file run.txt (compact mmCIF, C-alpha atoms)
# COMPACT_ATOMS: atom_id res chain seq x y z
CA MET A 1 186.03 -100.67 -21.46
CA ILE A 2 188.62 -98.11 -20.32
CA GLY A 3 187.63 -95.35 -22.72
CA ASP A 4 189.40 -92.12 -23.60
CA LEU A 5 191.78 -90.97 -20.90
CA ARG A 6 192.97 -87.83 -22.70
CA TRP A 7 191.00 -85.63 -20.29
CA ILE A 8 193.66 -86.41 -17.66
CA ALA A 9 196.32 -84.86 -19.90
CA VAL A 10 194.11 -81.83 -20.59
CA VAL A 11 193.24 -81.13 -16.96
CA GLY A 12 196.73 -82.07 -15.71
CA ALA A 13 198.43 -79.71 -18.16
CA ALA A 14 196.02 -76.88 -17.29
CA CYS A 15 196.58 -77.28 -13.54
CA ALA A 16 200.37 -77.59 -13.93
CA THR A 17 200.40 -74.47 -16.12
CA ASN A 18 198.38 -72.61 -13.51
CA ILE A 19 200.96 -73.39 -10.81
CA ALA A 20 203.98 -72.76 -13.05
CA ALA A 21 202.63 -69.43 -14.35
CA ASP A 22 201.74 -68.33 -10.82
CA VAL A 23 205.27 -69.02 -9.55
CA ALA A 24 206.95 -67.53 -12.64
CA TRP A 25 204.82 -64.37 -12.56
CA PHE A 26 205.35 -63.77 -8.85
CA ARG A 27 209.11 -64.32 -9.15
CA ALA A 28 209.27 -61.94 -12.13
CA PHE A 29 206.97 -59.27 -10.66
CA PRO A 30 206.91 -59.65 -6.87
CA ALA A 31 205.69 -56.08 -6.43
CA GLY A 32 202.47 -57.02 -8.25
CA GLY A 33 201.51 -59.21 -5.32
CA VAL A 34 200.39 -62.78 -4.87
CA PHE A 35 196.84 -62.19 -6.07
CA ARG A 36 197.83 -60.81 -9.47
CA ALA A 37 200.18 -63.78 -9.91
CA MET A 38 197.29 -66.13 -9.09
CA LEU A 39 195.11 -64.42 -11.69
CA MET A 40 197.84 -64.82 -14.31
CA GLY A 41 198.20 -68.48 -13.36
CA PHE A 42 194.46 -69.03 -13.66
CA VAL A 43 194.26 -67.35 -17.08
CA SER A 44 197.32 -69.22 -18.40
CA GLY A 45 195.92 -72.57 -17.25
CA GLY A 46 192.56 -71.70 -18.79
CA VAL A 47 194.20 -70.95 -22.14
CA ILE A 48 195.97 -74.33 -22.07
CA LEU A 49 192.71 -76.06 -21.13
CA ALA A 50 190.87 -74.44 -24.03
CA ALA A 51 193.69 -75.03 -26.53
CA LEU A 52 194.08 -78.72 -25.68
CA SER A 53 190.31 -79.28 -25.58
CA VAL A 54 190.00 -77.83 -29.09
CA GLY A 55 193.15 -79.66 -30.22
CA PHE A 56 191.82 -83.05 -29.14
CA GLY A 57 188.62 -82.38 -31.06
CA MET A 58 186.26 -83.91 -28.50
CA SER A 59 182.63 -83.03 -29.08
CA SER A 60 180.99 -84.38 -25.90
CA PHE A 61 179.47 -81.54 -23.85
CA TRP A 62 179.96 -83.47 -20.58
CA TRP A 63 183.61 -84.16 -21.38
CA HIS A 64 184.27 -80.42 -21.64
CA PHE A 65 181.95 -79.53 -18.77
CA LEU A 66 183.69 -81.89 -16.33
CA ASN A 67 187.15 -80.74 -17.44
CA VAL A 68 186.19 -77.11 -16.85
CA ALA A 69 184.59 -78.02 -13.50
CA ILE A 70 187.70 -79.88 -12.33
CA TYR A 71 189.97 -77.02 -13.44
CA ALA A 72 187.74 -74.39 -11.78
CA CYS A 73 187.65 -76.36 -8.53
CA PHE A 74 191.41 -76.89 -8.61
CA SER A 75 191.95 -73.16 -9.20
CA TYR A 76 189.66 -72.24 -6.34
CA ALA A 77 191.36 -74.67 -3.94
CA PHE A 78 194.78 -73.44 -5.13
CA PHE A 79 193.65 -69.85 -4.50
CA HIS A 80 192.73 -70.76 -0.91
CA TRP A 81 196.01 -72.61 -0.44
CA ASN A 82 197.98 -69.61 -1.70
CA ASN A 83 195.84 -67.28 0.37
CA MET A 84 196.50 -69.31 3.53
CA GLY A 85 200.24 -68.94 2.97
CA GLU A 86 199.90 -65.23 2.28
CA THR A 87 197.40 -64.15 4.91
CA GLY A 88 196.94 -67.06 7.31
CA ARG A 89 197.71 -66.08 10.88
CA ARG A 90 198.17 -69.68 11.98
CA VAL A 91 200.69 -70.31 9.21
CA ARG A 92 202.64 -67.20 10.25
CA LEU A 93 202.58 -68.32 13.90
CA LEU A 94 203.91 -71.74 12.83
CA ILE A 95 206.75 -70.01 10.96
CA GLU A 96 207.58 -67.87 14.02
CA LEU A 97 207.60 -70.92 16.29
CA ARG A 98 209.75 -72.86 13.82
CA ALA A 99 212.30 -70.03 13.92
CA ALA A 100 212.51 -70.33 17.72
CA PRO A 101 213.13 -73.99 18.64
CA GLU A 102 213.60 -73.02 22.30
CA GLY A 103 209.98 -71.84 22.28
CA LEU A 104 208.29 -68.47 22.67
CA THR A 105 206.10 -67.05 25.40
CA ARG A 106 202.80 -65.59 24.25
CA ALA A 107 204.17 -62.11 24.87
CA GLU A 108 207.18 -62.89 22.63
CA LEU A 109 204.84 -64.26 19.96
CA PHE A 110 202.73 -61.10 20.10
CA THR A 111 205.89 -58.99 19.73
CA ARG A 112 207.00 -60.92 16.66
CA TYR A 113 203.54 -61.02 15.12
CA GLY A 114 201.02 -58.79 16.78
CA HIS A 115 197.77 -57.01 16.04
CA ARG A 116 199.47 -53.88 14.68
CA GLU A 117 201.27 -55.82 11.94
CA ILE A 118 198.10 -57.76 11.12
CA ILE A 119 196.10 -54.54 10.77
CA GLU A 120 198.89 -52.76 8.88
CA ARG A 121 199.22 -55.54 6.29
CA ARG A 122 195.47 -55.61 5.70
CA LEU A 123 195.18 -51.84 5.44
CA ASN A 124 197.89 -51.88 2.77
CA ARG A 125 196.19 -54.69 0.84
CA MET A 126 192.80 -52.98 1.01
CA LEU A 127 194.30 -49.66 -0.11
CA GLU A 128 196.06 -51.38 -3.03
CA SER A 129 192.86 -53.12 -4.11
CA ARG A 130 190.89 -49.88 -3.59
CA GLN A 131 188.52 -51.43 -1.08
CA ILE A 132 189.18 -48.48 1.21
CA ARG A 133 190.60 -44.97 0.86
CA GLU A 134 192.57 -42.87 3.29
CA MET A 135 191.98 -39.18 3.93
CA ASP A 136 193.42 -37.12 6.80
CA GLY A 137 194.60 -40.25 8.55
CA ARG A 138 191.15 -41.85 8.49
CA TYR A 139 190.17 -44.89 6.47
CA ARG A 140 186.79 -45.19 4.81
CA LEU A 141 185.06 -47.88 2.78
CA ASP A 142 185.46 -47.19 -0.93
CA ASN A 143 183.97 -50.35 -2.42
CA GLN A 144 181.00 -52.43 -1.37
CA SER A 145 182.20 -55.76 -2.80
CA PHE A 146 184.09 -56.89 0.33
CA LEU A 147 181.18 -55.75 2.50
CA ALA A 148 178.88 -58.00 0.45
CA MET A 149 181.38 -60.83 0.93
CA ALA A 150 181.48 -60.16 4.69
CA ARG A 151 177.68 -60.36 4.84
CA ILE A 152 177.62 -63.63 2.87
CA VAL A 153 180.22 -65.12 5.22
CA ARG A 154 178.13 -63.91 8.19
CA VAL A 155 175.07 -65.74 6.76
CA PHE A 156 177.11 -68.96 6.36
CA LYS A 157 178.38 -68.60 9.92
CA ARG A 158 174.78 -68.44 11.16
CA LEU A 159 173.78 -71.41 8.99
CA LEU A 160 176.68 -73.50 10.29
CA ASP A 161 176.25 -72.10 13.82
CA VAL A 162 179.92 -71.14 14.14
CA GLU A 163 179.46 -67.57 15.40
CA MET B 1 177.50 -94.22 -5.15
CA ALA B 2 174.18 -92.34 -4.85
CA VAL B 3 174.18 -91.67 -8.58
CA TRP B 4 174.94 -95.31 -9.32
CA LEU B 5 172.09 -96.44 -7.04
CA CYS B 6 169.71 -94.00 -8.78
CA GLY B 7 170.72 -95.55 -12.08
CA LEU B 8 169.87 -99.02 -10.79
CA ILE B 9 166.50 -97.97 -9.34
CA TRP B 10 165.41 -95.73 -12.20
CA PRO B 11 166.62 -97.16 -15.53
CA ARG B 12 165.98 -93.94 -17.48
CA PHE B 13 168.36 -92.15 -15.15
CA GLY B 14 170.88 -94.82 -15.99
CA THR B 15 171.23 -93.48 -19.53
CA LEU B 16 172.80 -90.35 -18.02
CA LEU B 17 175.45 -92.33 -16.16
CA PRO B 18 179.05 -92.52 -17.38
CA VAL B 19 179.74 -95.50 -19.62
CA THR B 20 183.46 -96.17 -19.66
CA ALA B 21 185.95 -96.41 -16.79
CA SER B 22 187.47 -93.14 -18.00
CA ASP B 23 184.07 -91.40 -17.83
CA TRP B 24 183.52 -92.71 -14.33
CA LEU B 25 186.96 -91.60 -13.22
CA GLN B 26 186.37 -88.12 -14.68
CA ALA B 27 182.99 -87.85 -12.90
CA ILE B 28 184.46 -89.05 -9.59
CA ILE B 29 187.41 -86.61 -9.80
CA ALA B 30 184.96 -83.78 -10.55
CA ALA B 31 182.83 -84.75 -7.50
CA LEU B 32 185.94 -84.93 -5.30
CA ALA B 33 187.05 -81.53 -6.61
CA VAL B 34 183.70 -79.99 -5.63
CA ALA B 35 184.01 -81.59 -2.17
CA CYS B 36 187.52 -80.17 -1.89
CA VAL B 37 186.18 -76.68 -2.67
CA TYR B 38 183.61 -77.07 0.12
CA VAL B 39 186.29 -78.18 2.58
CA MET B 40 188.61 -75.30 1.59
CA ASN B 41 185.76 -72.87 2.27
CA TYR B 42 185.23 -74.05 5.80
CA PRO B 43 188.24 -72.37 7.49
CA ALA B 44 187.17 -69.04 5.95
CA VAL B 45 183.77 -69.40 7.59
CA GLU B 46 185.00 -70.98 10.82
CA VAL B 47 187.56 -68.30 11.71
CA GLU B 48 186.96 -64.55 11.84
CA SER B 49 188.75 -62.95 8.90
CA PRO B 50 190.49 -59.76 10.11
CA THR B 51 189.94 -58.18 6.69
CA LEU B 52 186.19 -58.80 6.74
CA VAL B 53 185.92 -57.66 10.37
CA MET B 54 187.75 -54.45 9.43
CA ILE B 55 185.42 -53.97 6.45
CA GLU B 56 182.42 -54.31 8.77
CA LEU B 57 183.97 -51.76 11.16
CA PHE B 58 184.53 -49.32 8.28
CA ALA B 59 180.93 -49.83 7.15
CA ARG B 60 179.66 -49.13 10.67
CA ALA B 61 181.86 -46.04 11.01
CA GLY B 62 180.36 -44.62 7.81
CA ARG B 63 181.62 -41.25 6.59
CA ASN B 64 183.71 -40.62 9.70
CA GLY B 65 185.89 -43.58 8.94
CA LEU B 66 188.44 -44.99 11.37
CA SER B 67 191.97 -44.03 12.26
CA ARG B 68 194.79 -46.55 12.70
CA ASP B 69 194.70 -46.06 16.48
CA GLU B 70 190.97 -46.75 16.61
CA LEU B 71 191.58 -49.98 14.68
CA TYR B 72 194.43 -50.97 17.03
CA LEU B 73 192.09 -50.37 19.96
CA ALA B 74 189.16 -52.29 18.47
CA LEU B 75 191.22 -55.25 17.28
CA GLY B 76 193.83 -56.21 19.85
CA ASN B 77 196.03 -59.27 20.25
CA ASP B 78 193.29 -60.90 22.32
CA PHE B 79 191.02 -60.88 19.29
CA LEU B 80 193.47 -61.30 16.41
CA VAL B 81 196.30 -63.50 17.69
CA ALA B 82 195.42 -65.27 20.95
CA PRO B 83 192.53 -67.35 19.46
CA ARG B 84 194.82 -68.54 16.66
CA VAL B 85 197.46 -69.60 19.22
CA GLU B 86 194.71 -71.54 21.00
CA ASP B 87 193.82 -73.17 17.64
CA LEU B 88 197.41 -74.36 17.22
CA LEU B 89 197.41 -75.83 20.73
CA ARG B 90 193.99 -77.47 20.32
CA GLU B 91 194.90 -78.98 16.96
CA GLY B 92 198.14 -80.42 18.35
CA LEU B 93 200.32 -78.26 16.10
CA ALA B 94 202.00 -76.66 19.14
CA ILE B 95 202.32 -77.32 22.86
CA GLU B 96 202.63 -74.90 25.74
CA ALA B 97 204.89 -75.87 28.63
CA ASP B 98 206.72 -73.71 31.21
CA GLY B 99 205.00 -70.67 29.76
CA LYS B 100 206.51 -71.25 26.30
CA CYS B 101 204.89 -72.39 23.07
CA ARG B 102 206.77 -74.87 20.89
CA LEU B 103 205.97 -76.63 17.65
CA THR B 104 205.05 -80.30 17.74
CA GLN B 105 206.23 -82.68 15.03
CA LYS B 106 202.84 -82.29 13.33
CA GLY B 107 203.18 -78.49 13.44
CA ALA B 108 206.73 -78.66 12.07
CA LYS B 109 205.55 -80.81 9.15
CA LEU B 110 202.74 -78.37 8.30
CA GLU B 111 205.12 -75.42 8.57
CA HIS B 112 207.54 -77.27 6.26
CA VAL B 113 204.85 -77.71 3.58
CA PHE B 114 203.98 -74.01 3.59
CA GLY B 115 207.67 -73.05 3.95
CA VAL B 116 208.64 -75.02 0.83
CA TRP B 117 205.79 -73.44 -1.14
CA ARG B 118 206.64 -69.89 0.02
CA ARG B 119 210.33 -70.43 -0.85
CA LEU B 120 209.39 -71.78 -4.30
CA LEU B 121 207.26 -68.69 -4.79
CA GLY B 122 210.07 -66.46 -3.54
CA ALA B 123 207.64 -64.80 -1.13
CA GLY B 124 208.53 -63.40 2.26
CA LEU B 125 206.69 -63.85 5.53
CA GLY B 126 202.95 -63.75 5.12
CA GLY B 127 200.40 -63.06 7.77

call {"tool": "encode", "arguments": {"input": "run.txt", "output": "structure tokens"}}
result
Amino acid sequence: MIGDLRWIAVVGAACATNIAADVAWFRAFPAGGVFRAMLMGFVSGGVILAALSVGFGMSSFWWHFLNVAIYACFSYAFFHWNNMGETGRRVRLLIELRAAPEGLTRAELFTRYGHREIIERRLNRMLESRQIREMDGRYRLDNQSFLAMARIVRVFKRLLDVE
Amino acid sequence: MAVWLCGLIWPRFGTLLPVTASDWLQAIIAALAVACVYVMNYPAVEVESPTLVMIELFARAGRNGLSRDELYLALGNDFLVAPRVEDLLREGLAIEADGKCRLTQKGAKLEHVFGVWRRLLGAGLGG
């Protein structure tokens, strides 16, 4: 017995909407940043998921639960994928090396993409998201949420012995 | 597989198992999606995130805070960039010969995947 395969259409449409809305939002409002576009993509996909789930009139709790779980996992993985492209140092180094087929010395690599740019980009992101504030040329923590995240990551590092 | 075996061993558990092929497929995709989330988390734990390191430095500095120059001094290329270059070499995404780093075919393919996505998004250089 094959059963009802409509969940594939529901989840597929939600995931596709997430990607399409993310791209459309970022192209329309690039100044808003990648993370706002991802949030819009997630919300848009969620609306499609809910609308189609209601539209198909399925009453099984597990049917809905698994659809939501698959969509949530997809969104999380998509967030990481997007984040790697936006903030990944290795991805940026690959792009720099691709632009120089004759190769780059380490010093040349550091000139094209060095610690100052890495710090600068992160300071700007943290200021925009109000994680930190700047006063008299000094930066201070303004929000404890990232610190909590840093501590959780530190615990996982210890658990996995990757410190 | 583990769930299926549980169903065989403990018949009452079997009533919770999916019935149709569609149900099974949905359950398997959900399990794979959870596994994918775990795998996607690993690089974040494996590699030091500059943002989280900076947050920890700000927390340690307390009310005094940190200036840009103090951050530049604390987090140099040796900490932020050199280990990631080593990662590329170790993972076979780049090679180093005659003092120069070059992409391998594997590295070029990975760069292409991200490049296509970034162009589709209309985003500039990340990093």

call {"tool": "closest_atom_pairs", "arguments": {"input": "run.txt", "of": "chain A", "to": "chain B", "cutoff": "7 Å", "atoms": "all atoms listed in the file", "output": "tab-separated table"}}
result
residue	atom	partner	partner_atom	distance
A:Met1	CA	B:Thr20	CA	5.5
A:Ile2	CA	B:Ala21	CA	4.7
A:Gly3	CA	B:Ser22	CA	5.2
A:Asp4	CA	B:Ser22	CA	6.0
A:Leu5	CA	B:Ser22	CA	5.6
A:Val23	CA	B:Leu121	CA	5.2
A:Phe26	CA	B:Leu121	CA	6.7
A:Arg27	CA	B:Gly122	CA	6.1
A:Leu66	CA	B:Ala30	CA	6.2
A:Ala69	CA	B:Ala30	CA	6.5
A:Ile70	CA	B:Ala30	CA	5.1
A:Cys73	CA	B:Ala33	CA	5.5
A:Phe74	CA	B:Ala33	CA	6.7
A:Tyr76	CA	B:Val37	CA	6.7
A:Ala77	CA	B:Val37	CA	5.7
A:His80	CA	B:Met40	CA	6.6
A:Gly85	CA	B:Gly126	CA	6.2
A:Glu86	CA	B:Gly126	CA	4.4
A:Thr87	CA	B:Gly127	CA	4.3
A:Gly88	CA	B:Gly127	CA	5.3
A:Arg89	CA	B:Gly127	CA	5.1
A:Arg90	CA	B:Arg84	CA	5.9
A:Val91	CA	B:Glu111	CA	6.8
A:Arg92	CA	B:Gly127	CA	5.3
A:Leu94	CA	B:Glu111	CA	5.8
A:Ile95	CA	B:Glu111	CA	6.1
A:Leu97	CA	B:Leu103	CA	6.1
A:Arg98	CA	B:Leu103	CA	6.6
A:Pro101	CA	B:Arg102	CA	6.8
A:Gly103	CA	B:Arg102	CA	4.6
A:Leu104	CA	B:Lys100	CA	4.9
A:Thr105	CA	B:Lys100	CA	4.3
A:Phe110	CA	B:Asn77	CA	6.9
A:Gly114	CA	B:Asn77	CA	6.1
A:His115	CA	B:Asn77	CA	5.1
A:Arg116	CA	B:Tyr72	CA	6.3
A:Ile118	CA	B:Gly127	CA	6.7
A:Arg122	CA	B:Thr51	CA	6.2
A:Gly137	CA	B:Ser67	CA	5.9
A:Arg138	CA	B:Ser67	CA	4.4
A:Tyr139	CA	B:Gly65	CA	5.1
A:Arg140	CA	B:Gly65	CA	4.5
A:Leu141	CA	B:Phe58	CA	5.7
A:Phe146	CA	B:Ile55	CA	6.9
A:Leu147	CA	B:Ile55	CA	6.1
A:Ala150	CA	B:Leu52	CA	5.3
A:Val153	CA	B:Val45	CA	6.0
A:Phe156	CA	B:Val45	CA	6.8
A:Lys157	CA	B:Val45	CA	5.9
A:Val162	CA	B:Glu46	CA	6.1

call {"tool": "residues_near_point", "arguments": {"input": "run.txt", "point": "(194.8, -67.9, -9.5)", "cutoff": "10 Å", "atoms": "all atoms listed in the file", "output": "list in words"}}
result
Asn18, Ile19, Ala21, Asp22, Val34, Phe35, Arg36, Ala37, Met38, Leu39, Met40, Gly41, Phe42, Val43, Ser44, Gly45, Ala72, Phe74, Ser75, Tyr76, Ala77, Phe78, Phe79, His80, Asn82 and Asn83 of chain A

call {"tool": "atom_distance", "arguments": {"input": "run.txt", "atom1": "atom CA of Thr15 of chain B", "atom2": "atom CA of Tyr71 of chain A"}}
result
25.7 Å

call {"tool": "closest_residue", "arguments": {"input": "run.txt", "among": "A:Ser59, A:Thr17, A:Asn143, A:Asn67", "to": "Val47 of chain A", "atoms": "all atoms listed in the file"}}
result
A:Thr17

call {"tool": "atom_distance", "arguments": {"input": "run.txt", "atom1": "atom CA of Arg6 of chain A", "atom2": "atom CA of Phe56 of chain A"}}
result
8.1 Å

call {"tool": "decode", "arguments": {"input": "run.txt", "residues": "segment 77-102 of chain A", "atoms": "N, CA, C and O atoms", "output": "PDB file, in the first residue's frame"}}
result
ATOM      1  N   ALA A  77      19.003  23.775   8.357  1.00  0.00           N
ATOM      2  CA  ALA A  77      20.142  23.434   7.502  1.00  0.00           C
ATOM      3  C   ALA A  77      20.373  24.527   6.464  1.00  0.00           C
ATOM      4  O   ALA A  77      21.513  24.914   6.174  1.00  0.00           O
ATOM      5  N   PHE A  78      19.288  25.092   5.927  1.00  0.00           N
ATOM      6  CA  PHE A  78      19.382  26.171   4.937  1.00  0.00           C
ATOM      7  C   PHE A  78      20.002  27.420   5.574  1.00  0.00           C
ATOM      8  O   PHE A  78      20.812  28.109   4.958  1.00  0.00           O
ATOM      9  N   PHE A  79      19.634  27.676   6.832  1.00  0.00           N
ATOM     10  CA  PHE A  79      20.217  28.802   7.566  1.00  0.00           C
ATOM     11  C   PHE A  79      21.738  28.632   7.658  1.00  0.00           C
ATOM     12  O   PHE A  79      22.501  29.561   7.398  1.00  0.00           O
ATOM     13  N   HIS A  80      22.175  27.418   8.014  1.00  0.00           N
ATOM     14  CA  HIS A  80      23.612  27.167   8.139  1.00  0.00           C
ATOM     15  C   HIS A  80      24.315  27.300   6.795  1.00  0.00           C
ATOM     16  O   HIS A  80      25.423  27.826   6.705  1.00  0.00           O
ATOM     17  N   TRP A  81      23.661  26.796   5.753  1.00  0.00           N
ATOM     18  CA  TRP A  81      24.223  26.884   4.398  1.00  0.00           C
ATOM     19  C   TRP A  81      24.416  28.355   4.017  1.00  0.00           C
ATOM     20  O   TRP A  81      25.480  28.758   3.545  1.00  0.00           O
ATOM     21  N   ASN A  82      23.373  29.133   4.220  1.00  0.00           N
ATOM     22  CA  ASN A  82      23.414  30.567   3.917  1.00  0.00           C
ATOM     23  C   ASN A  82      24.484  31.260   4.750  1.00  0.00           C
ATOM     24  O   ASN A  82      25.219  32.114   4.268  1.00  0.00           O
ATOM     25  N   ASN A  83      24.532  30.877   6.018  1.00  0.00           N
ATOM     26  CA  ASN A  83      25.471  31.469   6.954  1.00  0.00           C
ATOM     27  C   ASN A  83      26.916  31.167   6.554  1.00  0.00           C
ATOM     28  O   ASN A  83      27.794  32.020   6.679  1.00  0.00           O
ATOM     29  N   MET A  84      27.138  29.947   6.057  1.00  0.00           N
ATOM     30  CA  MET A  84      28.484  29.575   5.604  1.00  0.00           C
ATOM     31  C   MET A  84      28.915  30.465   4.446  1.00  0.00           C
ATOM     32  O   MET A  84      30.056  30.917   4.389  1.00  0.00           O
ATOM     33  N   GLY A  85      27.991  30.726   3.521  1.00  0.00           N
ATOM     34  CA  GLY A  85      28.309  31.597   2.388  1.00  0.00           C
ATOM     35  C   GLY A  85      28.547  33.021   2.826  1.00  0.00           C
ATOM     36  O   GLY A  85      29.371  33.736   2.261  1.00  0.00           O
ATOM     37  N   GLU A  86      27.838  33.444   3.861  1.00  0.00           N
ATOM     38  CA  GLU A  86      27.917  34.840   4.308  1.00  0.00           C
ATOM     39  C   GLU A  86      29.106  35.082   5.229  1.00  0.00           C
ATOM     40  O   GLU A  86      29.765  36.111   5.136  1.00  0.00           O
ATOM     41  N   THR A  87      29.366  34.146   6.127  1.00  0.00           N
ATOM     42  CA  THR A  87      30.393  34.408   7.137  1.00  0.00           C
ATOM     43  C   THR A  87      31.550  33.408   7.134  1.00  0.00           C
ATOM     44  O   THR A  87      32.506  33.605   7.882  1.00  0.00           O
ATOM     45  N   GLY A  88      31.449  32.373   6.321  1.00  0.00           N
ATOM     46  CA  GLY A  88      32.475  31.323   6.359  1.00  0.00           C
ATOM     47  C   GLY A  88      33.827  31.823   5.855  1.00  0.00           C
ATOM     48  O   GLY A  88      33.929  32.313   4.734  1.00  0.00           O
ATOM     49  N   ARG A  89      34.841  31.665   6.691  1.00  0.00           N
ATOM     50  CA  ARG A  89      36.176  32.106   6.266  1.00  0.00           C
ATOM     51  C   ARG A  89      36.745  31.187   5.185  1.00  0.00           C
ATOM     52  O   ARG A  89      37.403  31.645   4.267  1.00  0.00           O
ATOM     53  N   ARG A  90      36.459  29.890   5.313  1.00  0.00           N
ATOM     54  CA  ARG A  90      36.991  28.969   4.309  1.00  0.00           C
ATOM     55  C   ARG A  90      36.375  29.232   2.935  1.00  0.00           C
ATOM     56  O   ARG A  90      37.061  29.158   1.920  1.00  0.00           O
ATOM     57  N   VAL A  91      35.077  29.544   2.926  1.00  0.00           N
ATOM     58  CA  VAL A  91      34.414  29.832   1.653  1.00  0.00           C
ATOM     59  C   VAL A  91      35.045  31.073   1.023  1.00  0.00           C
ATOM     60  O   VAL A  91      35.344  31.107  -0.178  1.00  0.00           O
ATOM     61  N   ARG A  92      35.290  32.106   1.846  1.00  0.00           N
ATOM     62  CA  ARG A  92      35.899  33.330   1.326  1.00  0.00           C
ATOM     63  C   ARG A  92      37.314  33.064   0.793  1.00  0.00           C
ATOM     64  O   ARG A  92      37.706  33.572  -0.274  1.00  0.00           O
ATOM     65  N   LEU A  93      38.063  32.207   1.508  1.00  0.00           N
ATOM     66  CA  LEU A  93      39.421  31.876   1.042  1.00  0.00           C
ATOM     67  C   LEU A  93      39.349  31.123  -0.294  1.00  0.00           C
ATOM     68  O   LEU A  93      40.172  31.369  -1.185  1.00  0.00           O
ATOM     69  N   LEU A  94      38.353  30.245  -0.437  1.00  0.00           N
ATOM     70  CA  LEU A  94      38.182  29.530  -1.714  1.00  0.00           C
ATOM     71  C   LEU A  94      37.907  30.525  -2.840  1.00  0.00           C
ATOM     72  O   LEU A  94      38.454  30.396  -3.937  1.00  0.00           O
ATOM     73  N   ILE A  95      37.068  31.517  -2.550  1.00  0.00           N
ATOM     74  CA  ILE A  95      36.732  32.528  -3.569  1.00  0.00           C
ATOM     75  C   ILE A  95      37.992  33.319  -3.949  1.00  0.00           C
ATOM     76  O   ILE A  95      38.243  33.571  -5.135  1.00  0.00           O
ATOM     77  N   GLU A  96      38.797  33.687  -2.953  1.00  0.00           N
ATOM     78  CA  GLU A  96      40.026  34.437  -3.229  1.00  0.00           C
ATOM     79  C   GLU A  96      40.993  33.606  -4.067  1.00  0.00           C
ATOM     80  O   GLU A  96      41.618  34.119  -4.996  1.00  0.00           O
ATOM     81  N   LEU A  97      41.096  32.317  -3.748  1.00  0.00           N
ATOM     82  CA  LEU A  97      42.017  31.455  -4.503  1.00  0.00           C
ATOM     83  C   LEU A  97      41.503  31.226  -5.929  1.00  0.00           C
ATOM     84  O   LEU A  97      42.283  31.133  -6.869  1.00  0.00           O
ATOM     85  N   ARG A  98      40.190  31.139  -6.061  1.00  0.00           N
ATOM     86  CA  ARG A  98      39.597  30.954  -7.390  1.00  0.00           C
ATOM     87  C   ARG A  98      39.902  32.171  -8.273  1.00  0.00           C
ATOM     88  O   ARG A  98      40.126  32.032  -9.479  1.00  0.00           O
ATOM     89  N   ALA A  99      39.933  33.342  -7.661  1.00  0.00           N
ATOM     90  CA  ALA A  99      40.178  34.578  -8.423  1.00  0.00           C
ATOM     91  C   ALA A  99      41.651  34.730  -8.797  1.00  0.00           C
ATOM     92  O   ALA A  99      42.001  35.646  -9.549  1.00  0.00           O
ATOM     93  N   ALA A 100      42.504  33.858  -8.274  1.00  0.00           N
ATOM     94  CA  ALA A 100      43.937  33.951  -8.572  1.00  0.00           C
ATOM     95  C   ALA A 100      44.453  32.577  -8.996  1.00  0.00           C
ATOM     96  O   ALA A 100      45.064  31.860  -8.206  1.00  0.00           O
ATOM     97  N   PRO A 101      44.206  32.193 -10.273  1.00  0.00           N
ATOM     98  CA  PRO A 101      44.589  30.845 -10.713  1.00  0.00           C
ATOM     99  C   PRO A 101      46.094  30.582 -10.619  1.00  0.00           C
ATOM    100  O   PRO A 101      46.524  29.433 -10.555  1.00  0.00           O
ATOM    101  N   GLU A 102      46.880  31.666 -10.647  1.00  0.00           N
ATOM    102  CA  GLU A 102      48.344  31.483 -10.546  1.00  0.00           C
ATOM    103  C   GLU A 102      48.783  31.193  -9.113  1.00  0.00           C
ATOM    104  O   GLU A 102      49.946  30.903  -8.844  1.00  0.00           O
TER     105      GLU A 102
END
